Amino acid sequence: MALSSDNQVTQTDINSQTLASNGHTHGSNGHSAANLNLPADLPDQDPTETSEWLESLEAMVRTQGPERAQYLLQQLLFTAHKYGVTVPFSANTPYVNTITLDEQPMFPGNRELERKIKSYIRWNAMAMVVKANKTTNVGGHIATFASAATLYEIGFNHFFRGASGDHPGDIVYFQGHASPGMYARAFLEGRLSEQQLLNFRQELQDGGGLSSYPHPWLMPNFWQYPTVSMGLGPIMAIYQARFIRYLQDRGHSPKHDARVWAFLGDGECDEPETLGAITLAAREKLDNLCFVINCNLQRLDGPVRGNGKIIQELEAAFRGAGWNVIKVVWGSEWDSILAKDTTGALVRRMGEVVDGEYQEYVVKGGAFIREKFFNTPELKALVSHLSDEQLNNLKRGGHDPLKVYAAYKTAVENKNSPSVILVKTIKGYGTPSEGKNTAHQAKKVVYEGRLETPMDGTPADKEKARQQIAMKQFRDRFAIPVSDEQLESIPFYRPSPDSPEMVYLHERRKALGGYQPARNNEFTPCQPPLAKSFERLHQGSVAGKSQSTTLAWVNLMMDVMQDPNIGKLIVPIVPDEGQTFGMPGMYSKFGIYSHVGQLYTPVDAGSMTSYRESTTGQILQEGINEAGSMCSFIAAGTAYSTHRVNTIPFYIYYSMFGFQRIGDLAWAAADSRCKGFLMGGTAGRTTLNGEGLQHEDGHSHIMAMTIPNCRAYDPAYGYELAVIIEDGIKKMYVDGDDVFYYLTVYNEGYEMPSMPEGVRDGIIKGIYKLRETKPEGAKLHVQLLGSGVILNEVLKASKLLAEKFNIGSTVYSVTSYQMLRRDAIETERHNRLHPTQSPKKAYIQEVLGNTTGPIIASSDYMRMLPEQVAPYLDGRLLALGTDGFGRSETRQALRRFFEVDAESVTVAALYSLAQQGQLEQSLVAQAIQQLGLDPEKPAPWTV
């Protein structure tokens, strides 16, 4: 139904509290077959016997407790199955509050002061959005926080603990669209200025502004995690709660009772990420986790489940997954009505009305509710003592502090399972768009009814008048101490520092350890790893033996994880592809993390690669779950701030299933100021033999370019990999850079050379000279750039040019086009903005600017990757790449198909020389025929 005004503690509230203290309850009235989804059409062939069974059960619960009743019911179910009796399944309970009135705890706070504080926050949140949109169209949201204000305020006043000396604080994933409420509260607390509120969604203005949603990158002292991309907050919260267990079991963090709270909307539950990992939370018994789902029954465009009941649907999903489910459906005003419902008619009616109808009741008023909801004489008799206005003011549970507090308290006291609180509210509560489909999009507060006195004037005048009416209604409804004269300017309101409200506000946060939301922005650097931990890769592979860069990485991990300075901080993460990547040796040596240890003997026990699970295991084996693995990466990569532990994640996965599949989570990692290494395994479009279109990656480096604080590298040799990782650990965990790395590693084996002298700086900057070939008498010279495994094709091309065409070449290993491009555009910008100074040179120009001949660049990625640096090379660059869909074939055939093999590189070099007038075009045609290329075949990107 609609809601009470919330501007006073009502007599109903007092009566409900009294009823609770006296132990009165509506009990199990109305727990009918219809509400439990049991078949209602089975006849009762012996009512007397049925009554005796039910009376026996009631007596057992009363005398021996619910646990004994639960045990006997389980035994009855087992026996029924044994004799072939089909027992109907239901994961639903009746559409009433889970916590009965006699179970409801006394409210510990000052109701009146908390109501005032909440009202001031409501006002300031609304004012902030409305003021920002008076002269701009920057947007913002009013309706979400309006529906959830009570949910947050109960948390802030009684549950959300801040970080203090002896407690790390709770982690709260705030619903993104509710951010104005968090800003409004922080303003009341004195943590944000009025100027910042005035600059909501205008971050570049003088005095500072506020980001649209939770963005740690933009507000590093305030927000911990970004959540407005729907579904990411819930799944990140699950893996964060599990990572807390990991830190404790591994000895990185003392045992503590910090909780993870995730606030989300019912419409958000349509996102696969929201519900996709809830079984993990139950399986891991994460009783440090609580979801609060604001069920205002509306998504952005309309009802979430207009033809159904989203609370019941979510209850079934979470109960089936093993969660502790707490429903907060009805406010205290309903308690006395439900107590009169001796036949269960009201509970049946509550269960049969669909959400679309409940939304209609919000906007149609008390008379409509009496006629349509209380639609039988029996139901009408239950509310005959209430006026239409009182019917319209019957609260939904999410707007009743007593009910919300009881739910939170029950959740935090629950053991051995995560909790979800399903809270029914009204979207846009207290605003003119209350309960309407337009509520989510509302950026203004404008009276939508008929004007009592028709007025002349422009449309702007009429809208101003409607806004004044709406502002007065909002002010009066929530008793905001703002005069009529002040309303036009929509002032922010903050009581004096010594007022009872402000004293109470700060006392509650002090009692809970500190303010929320807040992010720790202090960084304590690690000791750098020992240089010797990387030396094995510097030496190259054993002569005559091949090695892939993936195997080189595994060998490096085996060494670095034993480093005395950082070894225990390494967090390897893999989504069920450890066998592919050669990791079983790591499984055996370092163990796979499991909170319960290993309750079985693995089939490969005793071998060097035994699948060993352990409570102190270091590796996170996440199963076939890239999104969950990325959430573990984020939890580990932000632990330096959240938990003040410098864990260093290495997440290795099929490169095709990284940015392409979890790109939004990669962006969330960036926003979170995450650190660590993403390892794109089985990389390249021609290197993963036989896998074909869906597995062959030729574009992940392009996607990595889109993330500003991601540093992407494509190493060819083990020593390059070692140098990049060693430097990355130093930059992130010693120097404190808020960046993360993307490194591609391949499954193709070849001989790894030892590290040449003087190349370390070039490896980090993105390019270095590897080899120069000068055939005797050669008059022509080209520059050949290679990356990853295709560097081998470039080296072969260098040999072909020398032996068959007497052309010299210099081969460069390009480890990062991204880093080269960033340096180049920074240099260009400096020169553009400092025109009177001597121009600087980009690093790519320093390396290649004084060379002669054309430049041919080849990689296992789309040609646009090397083409990034073309503008800085005077038109000399010709790029080859793997544009197009992958194919199932051998490496040799694929490289010819995509024209990145040695012969194709050779022809490209000859062609470029001819284009410069240094070679006859006829020689290029002869070379094409001689090297076996087919000039008439369709281009590989042809569709």
# chains A, B, ... in the order shown; residues from 1 in each chain; ligands from 1
$ residues_around --residues "Gly777 in chain A" --least-positions-apart "2" --cutoff "12 Å" --atoms "only C-alpha atoms" --output "list in words"
Thr773, Lys774, Pro775, Lys779, Leu780, His781, Ala802, Phe805, Asn806, Ile807 and Gly808 of chain A
$ select_by_dssp --residues "range 557-786 of chain A" --states "alpha helix (DSSP H)" --output "PDB file with N, CA and C atoms, in the first residue's frame"
ATOM      1  N   MET A 557      56.583 -18.160 -11.254  1.00  0.00           N
ATOM      2  CA  MET A 557      55.728 -18.189 -10.073  1.00  0.00           C
ATOM      3  C   MET A 557      56.300 -19.124  -9.007  1.00  0.00           C
ATOM      4  N   MET A 558      56.823 -20.254  -9.430  1.00  0.00           N
ATOM      5  CA  MET A 558      57.405 -21.201  -8.472  1.00  0.00           C
ATOM      6  C   MET A 558      58.547 -20.548  -7.696  1.00  0.00           C
ATOM      7  N   ASP A 559      59.268 -19.649  -8.360  1.00  0.00           N
ATOM      8  CA  ASP A 559      60.374 -18.965  -7.694  1.00  0.00           C
ATOM      9  C   ASP A 559      59.884 -17.773  -6.873  1.00  0.00           C
ATOM     10  N   VAL A 560      59.025 -16.948  -7.478  1.00  0.00           N
ATOM     11  CA  VAL A 560      58.585 -15.732  -6.802  1.00  0.00           C
ATOM     12  C   VAL A 560      57.729 -16.059  -5.579  1.00  0.00           C
ATOM     13  N   GLY A 578      44.003 -24.826 -15.007  1.00  0.00           N
ATOM     14  CA  GLY A 578      45.365 -25.026 -14.531  1.00  0.00           C
ATOM     15  C   GLY A 578      46.119 -26.100 -15.297  1.00  0.00           C
ATOM     16  N   GLN A 579      45.412 -27.158 -15.700  1.00  0.00           N
ATOM     17  CA  GLN A 579      46.063 -28.203 -16.488  1.00  0.00           C
ATOM     18  C   GLN A 579      46.545 -27.640 -17.821  1.00  0.00           C
ATOM     19  N   THR A 580      45.710 -26.815 -18.448  1.00  0.00           N
ATOM     20  CA  THR A 580      46.078 -26.204 -19.726  1.00  0.00           C
ATOM     21  C   THR A 580      47.332 -25.353 -19.579  1.00  0.00           C
ATOM     22  N   PHE A 581      47.433 -24.646 -18.470  1.00  0.00           N
ATOM     23  CA  PHE A 581      48.535 -23.715 -18.285  1.00  0.00           C
ATOM     24  C   PHE A 581      49.752 -24.338 -17.601  1.00  0.00           C
ATOM     25  N   PRO A 584      49.637 -27.725 -12.399  1.00  0.00           N
ATOM     26  CA  PRO A 584      49.472 -28.726 -11.339  1.00  0.00           C
ATOM     27  C   PRO A 584      50.635 -28.810 -10.360  1.00  0.00           C
ATOM     28  N   GLY A 585      51.852 -28.539 -10.816  1.00  0.00           N
ATOM     29  CA  GLY A 585      52.975 -28.515  -9.881  1.00  0.00           C
ATOM     30  C   GLY A 585      52.791 -27.462  -8.812  1.00  0.00           C
ATOM     31  N   MET A 586      52.196 -26.350  -9.166  1.00  0.00           N
ATOM     32  CA  MET A 586      51.895 -25.301  -8.188  1.00  0.00           C
ATOM     33  C   MET A 586      50.804 -25.759  -7.231  1.00  0.00           C
ATOM     34  N   TYR A 587      49.829 -26.528  -7.753  1.00  0.00           N
ATOM     35  CA  TYR A 587      48.765 -27.043  -6.885  1.00  0.00           C
ATOM     36  C   TYR A 587      49.360 -27.860  -5.746  1.00  0.00           C
ATOM     37  N   SER A 588      50.256 -28.749  -6.111  1.00  0.00           N
ATOM     38  CA  SER A 588      50.840 -29.645  -5.124  1.00  0.00           C
ATOM     39  C   SER A 588      51.708 -28.893  -4.121  1.00  0.00           C
ATOM     40  N   LYS A 589      52.500 -27.971  -4.606  1.00  0.00           N
ATOM     41  CA  LYS A 589      53.468 -27.304  -3.739  1.00  0.00           C
ATOM     42  C   LYS A 589      52.825 -26.262  -2.832  1.00  0.00           C
ATOM     43  N   PHE A 590      51.906 -25.451  -3.406  1.00  0.00           N
ATOM     44  CA  PHE A 590      51.369 -24.323  -2.652  1.00  0.00           C
ATOM     45  C   PHE A 590      49.929 -24.531  -2.192  1.00  0.00           C
ATOM     46  N   GLU A 626      34.843 -17.078 -15.151  1.00  0.00           N
ATOM     47  CA  GLU A 626      35.707 -15.924 -15.371  1.00  0.00           C
ATOM     48  C   GLU A 626      35.255 -14.709 -14.563  1.00  0.00           C
ATOM     49  N   ALA A 627      33.950 -14.483 -14.460  1.00  0.00           N
ATOM     50  CA  ALA A 627      33.464 -13.321 -13.718  1.00  0.00           C
ATOM     51  C   ALA A 627      33.825 -13.430 -12.239  1.00  0.00           C
ATOM     52  N   GLY A 628      33.625 -14.617 -11.660  1.00  0.00           N
ATOM     53  CA  GLY A 628      33.982 -14.799 -10.263  1.00  0.00           C
ATOM     54  C   GLY A 628      35.478 -14.667 -10.041  1.00  0.00           C
ATOM     55  N   SER A 629      36.265 -15.202 -10.966  1.00  0.00           N
ATOM     56  CA  SER A 629      37.714 -15.083 -10.853  1.00  0.00           C
ATOM     57  C   SER A 629      38.142 -13.622 -10.887  1.00  0.00           C
ATOM     58  N   MET A 630      37.489 -12.846 -11.748  1.00  0.00           N
ATOM     59  CA  MET A 630      37.824 -11.419 -11.816  1.00  0.00           C
ATOM     60  C   MET A 630      37.444 -10.708 -10.529  1.00  0.00           C
ATOM     61  N   CYS A 631      36.374 -11.142  -9.894  1.00  0.00           N
ATOM     62  CA  CYS A 631      35.994 -10.557  -8.605  1.00  0.00           C
ATOM     63  C   CYS A 631      37.023 -10.888  -7.533  1.00  0.00           C
ATOM     64  N   SER A 632      37.577 -12.102  -7.573  1.00  0.00           N
ATOM     65  CA  SER A 632      38.666 -12.434  -6.651  1.00  0.00           C
ATOM     66  C   SER A 632      39.881 -11.572  -6.940  1.00  0.00           C
ATOM     67  N   PHE A 633      40.149 -11.343  -8.227  1.00  0.00           N
ATOM     68  CA  PHE A 633      41.264 -10.474  -8.609  1.00  0.00           C
ATOM     69  C   PHE A 633      41.069  -9.076  -8.023  1.00  0.00           C
ATOM     70  N   ILE A 634      39.844  -8.558  -8.104  1.00  0.00           N
ATOM     71  CA  ILE A 634      39.565  -7.226  -7.571  1.00  0.00           C
ATOM     72  C   ILE A 634      39.720  -7.211  -6.052  1.00  0.00           C
ATOM     73  N   ALA A 635      39.199  -8.237  -5.391  1.00  0.00           N
ATOM     74  CA  ALA A 635      39.322  -8.291  -3.926  1.00  0.00           C
ATOM     75  C   ALA A 635      40.787  -8.338  -3.500  1.00  0.00           C
ATOM     76  N   ALA A 636      41.579  -9.177  -4.172  1.00  0.00           N
ATOM     77  CA  ALA A 636      42.999  -9.292  -3.829  1.00  0.00           C
ATOM     78  C   ALA A 636      43.763  -8.043  -4.237  1.00  0.00           C
ATOM     79  N   GLY A 637      43.407  -7.471  -5.390  1.00  0.00           N
ATOM     80  CA  GLY A 637      44.134  -6.320  -5.897  1.00  0.00           C
ATOM     81  C   GLY A 637      43.801  -5.021  -5.208  1.00  0.00           C
ATOM     82  N   ALA A 639      43.136  -5.180  -1.745  1.00  0.00           N
ATOM     83  CA  ALA A 639      43.347  -5.494  -0.333  1.00  0.00           C
ATOM     84  C   ALA A 639      44.337  -4.529   0.318  1.00  0.00           C
ATOM     85  N   TYR A 640      45.223  -3.933  -0.474  1.00  0.00           N
ATOM     86  CA  TYR A 640      46.173  -2.966   0.076  1.00  0.00           C
ATOM     87  C   TYR A 640      45.450  -1.794   0.731  1.00  0.00           C
ATOM     88  N   SER A 641      44.265  -1.460   0.198  1.00  0.00           N
ATOM     89  CA  SER A 641      43.465  -0.380   0.761  1.00  0.00           C
ATOM     90  C   SER A 641      42.405  -0.917   1.709  1.00  0.00           C
ATOM     91  N   THR A 642      41.642  -1.905   1.273  1.00  0.00           N
ATOM     92  CA  THR A 642      40.511  -2.393   2.052  1.00  0.00           C
ATOM     93  C   THR A 642      40.947  -3.108   3.325  1.00  0.00           C
ATOM     94  N   PHE A 659      38.877  -9.658 -21.319  1.00  0.00           N
ATOM     95  CA  PHE A 659      38.180  -8.394 -21.550  1.00  0.00           C
ATOM     96  C   PHE A 659      36.902  -8.585 -22.355  1.00  0.00           C
ATOM     97  N   GLN A 660      36.899  -9.542 -23.258  1.00  0.00           N
ATOM     98  CA  GLN A 660      35.707  -9.749 -24.085  1.00  0.00           C
ATOM     99  C   GLN A 660      34.531 -10.213 -23.244  1.00  0.00           C
ATOM    100  N   ARG A 661      34.787 -11.068 -22.262  1.00  0.00           N
ATOM    101  CA  ARG A 661      33.689 -11.621 -21.467  1.00  0.00           C
ATOM    102  C   ARG A 661      33.420 -10.805 -20.212  1.00  0.00           C
ATOM    103  N   ILE A 662      34.432 -10.270 -19.600  1.00  0.00           N
ATOM    104  CA  ILE A 662      34.237  -9.590 -18.312  1.00  0.00           C
ATOM    105  C   ILE A 662      34.741  -8.152 -18.382  1.00  0.00           C
ATOM    106  N   GLY A 663      34.568  -7.530 -19.537  1.00  0.00           N
ATOM    107  CA  GLY A 663      35.099  -6.185 -19.719  1.00  0.00           C
ATOM    108  C   GLY A 663      34.609  -5.177 -18.699  1.00  0.00           C
ATOM    109  N   ASP A 664      33.352  -5.283 -18.288  1.00  0.00           N
ATOM    110  CA  ASP A 664      32.819  -4.339 -17.318  1.00  0.00           C
ATOM    111  C   ASP A 664      33.479  -4.529 -15.957  1.00  0.00           C
ATOM    112  N   LEU A 665      33.795  -5.768 -15.609  1.00  0.00           N
ATOM    113  CA  LEU A 665      34.506  -6.008 -14.352  1.00  0.00           C
ATOM    114  C   LEU A 665      35.945  -5.513 -14.433  1.00  0.00           C
ATOM    115  N   ALA A 666      36.555  -5.585 -15.622  1.00  0.00           N
ATOM    116  CA  ALA A 666      37.899  -5.035 -15.783  1.00  0.00           C
ATOM    117  C   ALA A 666      37.876  -3.526 -15.579  1.00  0.00           C
ATOM    118  N   TRP A 667      36.824  -2.885 -16.080  1.00  0.00           N
ATOM    119  CA  TRP A 667      36.675  -1.452 -15.868  1.00  0.00           C
ATOM    120  C   TRP A 667      36.422  -1.154 -14.385  1.00  0.00           C
ATOM    121  N   ALA A 668      35.660  -2.006 -13.710  1.00  0.00           N
ATOM    122  CA  ALA A 668      35.437  -1.845 -12.269  1.00  0.00           C
ATOM    123  C   ALA A 668      36.745  -1.991 -11.503  1.00  0.00           C
ATOM    124  N   ALA A 669      37.588  -2.919 -11.939  1.00  0.00           N
ATOM    125  CA  ALA A 669      38.906  -3.067 -11.314  1.00  0.00           C
ATOM    126  C   ALA A 669      39.702  -1.778 -11.446  1.00  0.00           C
ATOM    127  N   ALA A 670      39.651  -1.180 -12.630  1.00  0.00           N
ATOM    128  CA  ALA A 670      40.364   0.074 -12.852  1.00  0.00           C
ATOM    129  C   ALA A 670      39.824   1.162 -11.940  1.00  0.00           C
ATOM    130  N   ASP A 671      38.501   1.276 -11.878  1.00  0.00           N
ATOM    131  CA  ASP A 671      37.857   2.285 -11.033  1.00  0.00           C
ATOM    132  C   ASP A 671      38.205   2.066  -9.563  1.00  0.00           C
ATOM    133  N   SER A 700      42.405  -8.779 -27.709  1.00  0.00           N
ATOM    134  CA  SER A 700      42.377  -8.400 -26.296  1.00  0.00           C
ATOM    135  C   SER A 700      43.274  -7.203 -26.004  1.00  0.00           C
ATOM    136  N   HIS A 701      44.373  -7.072 -26.751  1.00  0.00           N
ATOM    137  CA  HIS A 701      45.229  -5.899 -26.542  1.00  0.00           C
ATOM    138  C   HIS A 701      44.539  -4.616 -26.984  1.00  0.00           C
ATOM    139  N   ILE A 702      43.659  -4.716 -27.964  1.00  0.00           N
ATOM    140  CA  ILE A 702      42.887  -3.542 -28.368  1.00  0.00           C
ATOM    141  C   ILE A 702      41.945  -3.145 -27.231  1.00  0.00           C
ATOM    142  N   MET A 703      41.312  -4.140 -26.620  1.00  0.00           N
ATOM    143  CA  MET A 703      40.398  -3.859 -25.510  1.00  0.00           C
ATOM    144  C   MET A 703      41.139  -3.313 -24.305  1.00  0.00           C
ATOM    145  N   ALA A 704      42.331  -3.840 -24.056  1.00  0.00           N
ATOM    146  CA  ALA A 704      43.118  -3.357 -22.918  1.00  0.00           C
ATOM    147  C   ALA A 704      43.466  -1.882 -23.073  1.00  0.00           C
ATOM    148  N   GLY A 718      60.983 -15.309 -22.101  1.00  0.00           N
ATOM    149  CA  GLY A 718      60.869 -15.422 -20.664  1.00  0.00           C
ATOM    150  C   GLY A 718      61.502 -14.267 -19.921  1.00  0.00           C
ATOM    151  N   TYR A 719      62.666 -13.797 -20.407  1.00  0.00           N
ATOM    152  CA  TYR A 719      63.320 -12.702 -19.697  1.00  0.00           C
ATOM    153  C   TYR A 719      62.514 -11.411 -19.794  1.00  0.00           C
ATOM    154  N   GLU A 720      61.805 -11.210 -20.926  1.00  0.00           N
ATOM    155  CA  GLU A 720      60.927 -10.039 -21.023  1.00  0.00           C
ATOM    156  C   GLU A 720      59.810 -10.129 -19.977  1.00  0.00           C
ATOM    157  N   LEU A 721      59.236 -11.294 -19.869  1.00  0.00           N
ATOM    158  CA  LEU A 721      58.180 -11.528 -18.883  1.00  0.00           C
ATOM    159  C   LEU A 721      58.681 -11.230 -17.473  1.00  0.00           C
ATOM    160  N   ALA A 722      59.885 -11.732 -17.157  1.00  0.00           N
ATOM    161  CA  ALA A 722      60.445 -11.536 -15.822  1.00  0.00           C
ATOM    162  C   ALA A 722      60.690 -10.064 -15.528  1.00  0.00           C
ATOM    163  N   VAL A 723      61.237  -9.351 -16.494  1.00  0.00           N
ATOM    164  CA  VAL A 723      61.536  -7.933 -16.300  1.00  0.00           C
ATOM    165  C   VAL A 723      60.246  -7.143 -16.084  1.00  0.00           C
ATOM    166  N   ILE A 724      59.224  -7.422 -16.885  1.00  0.00           N
ATOM    167  CA  ILE A 724      57.959  -6.690 -16.770  1.00  0.00           C
ATOM    168  C   ILE A 724      57.310  -6.954 -15.415  1.00  0.00           C
ATOM    169  N   ILE A 725      57.289  -8.205 -14.987  1.00  0.00           N
ATOM    170  CA  ILE A 725      56.653  -8.536 -13.707  1.00  0.00           C
ATOM    171  C   ILE A 725      57.439  -7.945 -12.543  1.00  0.00           C
ATOM    172  N   GLU A 726      58.752  -8.048 -12.576  1.00  0.00           N
ATOM    173  CA  GLU A 726      59.554  -7.471 -11.496  1.00  0.00           C
ATOM    174  C   GLU A 726      59.329  -5.961 -11.410  1.00  0.00           C
ATOM    175  N   ASP A 727      59.341  -5.301 -12.561  1.00  0.00           N
ATOM    176  CA  ASP A 727      59.124  -3.854 -12.572  1.00  0.00           C
ATOM    177  C   ASP A 727      57.696  -3.509 -12.154  1.00  0.00           C
ATOM    178  N   GLY A 728      56.741  -4.333 -12.574  1.00  0.00           N
ATOM    179  CA  GLY A 728      55.352  -4.080 -12.200  1.00  0.00           C
ATOM    180  C   GLY A 728      55.132  -4.196 -10.705  1.00  0.00           C
ATOM    181  N   ILE A 729      55.702  -5.199 -10.077  1.00  0.00           N
ATOM    182  CA  ILE A 729      55.573  -5.341  -8.620  1.00  0.00           C
ATOM    183  C   ILE A 729      56.160  -4.114  -7.930  1.00  0.00           C
ATOM    184  N   ARG A 760      66.782  -3.828 -20.508  1.00  0.00           N
ATOM    185  CA  ARG A 760      65.738  -3.726 -19.486  1.00  0.00           C
ATOM    186  C   ARG A 760      64.874  -2.476 -19.682  1.00  0.00           C
ATOM    187  N   ASP A 761      65.485  -1.337 -19.899  1.00  0.00           N
ATOM    188  CA  ASP A 761      64.724  -0.100 -20.037  1.00  0.00           C
ATOM    189  C   ASP A 761      63.804  -0.166 -21.256  1.00  0.00           C
ATOM    190  N   GLY A 762      64.314  -0.695 -22.362  1.00  0.00           N
ATOM    191  CA  GLY A 762      63.500  -0.803 -23.566  1.00  0.00           C
ATOM    192  C   GLY A 762      62.334  -1.756 -23.392  1.00  0.00           C
ATOM    193  N   ILE A 763      62.531  -2.857 -22.647  1.00  0.00           N
ATOM    194  CA  ILE A 763      61.432  -3.804 -22.392  1.00  0.00           C
ATOM    195  C   ILE A 763      60.286  -3.085 -21.688  1.00  0.00           C
ATOM    196  N   ILE A 764      60.611  -2.271 -20.691  1.00  0.00           N
ATOM    197  CA  ILE A 764      59.583  -1.574 -19.929  1.00  0.00           C
ATOM    198  C   ILE A 764      58.932  -0.479 -20.762  1.00  0.00           C
ATOM    199  N   LYS A 765      59.732   0.255 -21.540  1.00  0.00           N
ATOM    200  CA  LYS A 765      59.170   1.350 -22.334  1.00  0.00           C
ATOM    201  C   LYS A 765      58.398   0.844 -23.547  1.00  0.00           C
TER     202      LYS A 765
END
$ atom_distance --atom1 "CA of Thr744 in chain A" --atom2 "CA of Asp714 in chain A"
5.2 Å
$ select_by_dssp --residues "range 241-271 of chain A" --states "strand (DSSP E)" --output "PDB file with N, CA and C atoms, in the first residue's frame"
ATOM      1  N   VAL A 260      30.367  -7.886   5.115  1.00  0.00           N
ATOM      2  CA  VAL A 260      30.212  -7.331   3.776  1.00  0.00           C
ATOM      3  C   VAL A 260      28.719  -7.158   3.526  1.00  0.00           C
ATOM      4  N   TRP A 261      28.327  -5.920   3.238  1.00  0.00           N
ATOM      5  CA  TRP A 261      26.938  -5.603   2.931  1.00  0.00           C
ATOM      6  C   TRP A 261      26.825  -5.220   1.459  1.00  0.00           C
ATOM      7  N   ALA A 262      25.861  -5.752   0.781  1.00  0.00           N
ATOM      8  CA  ALA A 262      25.610  -5.370  -0.612  1.00  0.00           C
ATOM      9  C   ALA A 262      24.172  -4.900  -0.735  1.00  0.00           C
ATOM     10  N   PHE A 263      23.996  -3.650  -1.166  1.00  0.00           N
ATOM     11  CA  PHE A 263      22.670  -3.093  -1.382  1.00  0.00           C
ATOM     12  C   PHE A 263      22.383  -3.093  -2.875  1.00  0.00           C
ATOM     13  N   LEU A 264      21.243  -3.633  -3.239  1.00  0.00           N
ATOM     14  CA  LEU A 264      20.898  -3.738  -4.650  1.00  0.00           C
ATOM     15  C   LEU A 264      19.391  -3.641  -4.830  1.00  0.00           C
ATOM     16  N   GLY A 265      18.986  -3.479  -6.074  1.00  0.00           N
ATOM     17  CA  GLY A 265      17.566  -3.375  -6.364  1.00  0.00           C
ATOM     18  C   GLY A 265      17.005  -4.674  -6.891  1.00  0.00           C
TER      19      GLY A 265
END
$ atom_distance --atom1 "CA of Val907 in chain A" --atom2 "CA of Asn850 in chain A"
23.6 Å
$ closest_atom_pairs --of "range 394-429 of chain A" --to "range 303-326 of chain A" --cutoff "8 Å" --atoms "only C-alpha atoms" --output "tab-separated table"
residue	atom	partner	partner_atom	distance
A:Ala407	CA	A:Ile326	CA	6.5
A:Ala411	CA	A:Ile326	CA	7.8
A:Asn414	CA	A:Asn324	CA	7.7
A:Ser417	CA	A:Trp323	CA	5.8
A:Pro418	CA	A:Trp323	CA	5.3
A:Ser419	CA	A:Asn324	CA	4.5
A:Val420	CA	A:Val325	CA	5.1
A:Ile421	CA	A:Ile326	CA	4.7
A:Leu422	CA	A:Ile326	CA	6.2
A:Lys424	CA	A:Ile311	CA	7.9
$ residues_around --residues "range 681-694 of chain A" --least-positions-apart "4" --cutoff "7 Å" --atoms "only C-alpha atoms" --output "list in words"
Thr550, Ile652, Tyr653, Tyr654, Ser655, Gly698, Thr744, Val745, Tyr746, Asn747, Glu748, Asp860, Tyr861, Thr882, Phe885, Gly886, Arg887, Ser888, Glu889, Thr890, Arg891, Leu894 and Arg895 of chain A
$ residues_around --residues "Ala543 in chain A" --least-positions-apart "3" --cutoff "9 Å" --atoms "only C-alpha atoms" --output "PDB file with N, CA and C atoms, in the first residue's frame"
ATOM      1  N   GLY A 540      67.345 -17.869 -19.882  1.00  0.00           N
ATOM      2  CA  GLY A 540      66.793 -18.544 -21.047  1.00  0.00           C
ATOM      3  C   GLY A 540      66.559 -20.015 -20.782  1.00  0.00           C
ATOM      4  N   SER A 546      62.687 -26.408 -26.051  1.00  0.00           N
ATOM      5  CA  SER A 546      61.702 -25.347 -26.248  1.00  0.00           C
ATOM      6  C   SER A 546      60.920 -25.099 -24.963  1.00  0.00           C
ATOM      7  N   GLU A 751      62.802 -22.101 -28.329  1.00  0.00           N
ATOM      8  CA  GLU A 751      63.979 -21.878 -27.499  1.00  0.00           C
ATOM      9  C   GLU A 751      64.005 -20.432 -27.011  1.00  0.00           C
ATOM     10  N   MET A 752      64.192 -20.285 -25.714  1.00  0.00           N
ATOM     11  CA  MET A 752      64.224 -18.961 -25.098  1.00  0.00           C
ATOM     12  C   MET A 752      65.671 -18.504 -24.945  1.00  0.00           C
ATOM     13  N   PRO A 753      66.053 -17.377 -25.554  1.00  0.00           N
ATOM     14  CA  PRO A 753      67.424 -16.900 -25.401  1.00  0.00           C
ATOM     15  C   PRO A 753      67.641 -16.290 -24.018  1.00  0.00           C
TER      16      PRO A 753
END
$ residues_around --residues "Pro854 in chain A" --least-positions-apart "2" --cutoff "7 Å" --atoms "only C-alpha atoms" --output "ChimeraX atom specification"
/A:782-783,852,856,876-877,912-913
$ closest_residue --among "A:Gln473, A:Asn416, A:Arg191, A:Val554" --to "Thr431 in chain A" --atoms "only C-alpha atoms"
A:Gln473
$ atom_distance --atom1 "CA of Thr524 in chain A" --atom2 "CA of His643 in chain A"
11.5 Å
$ residues_around --residues "range 144-151 of chain A" --least-positions-apart "3" --cutoff "6 Å" --atoms "only C-alpha atoms" --output "list in words"
Ile154, Ala178, Gly181, His399, Thr425, Ile426, Lys427, Gly428 and Tyr429 of chain A
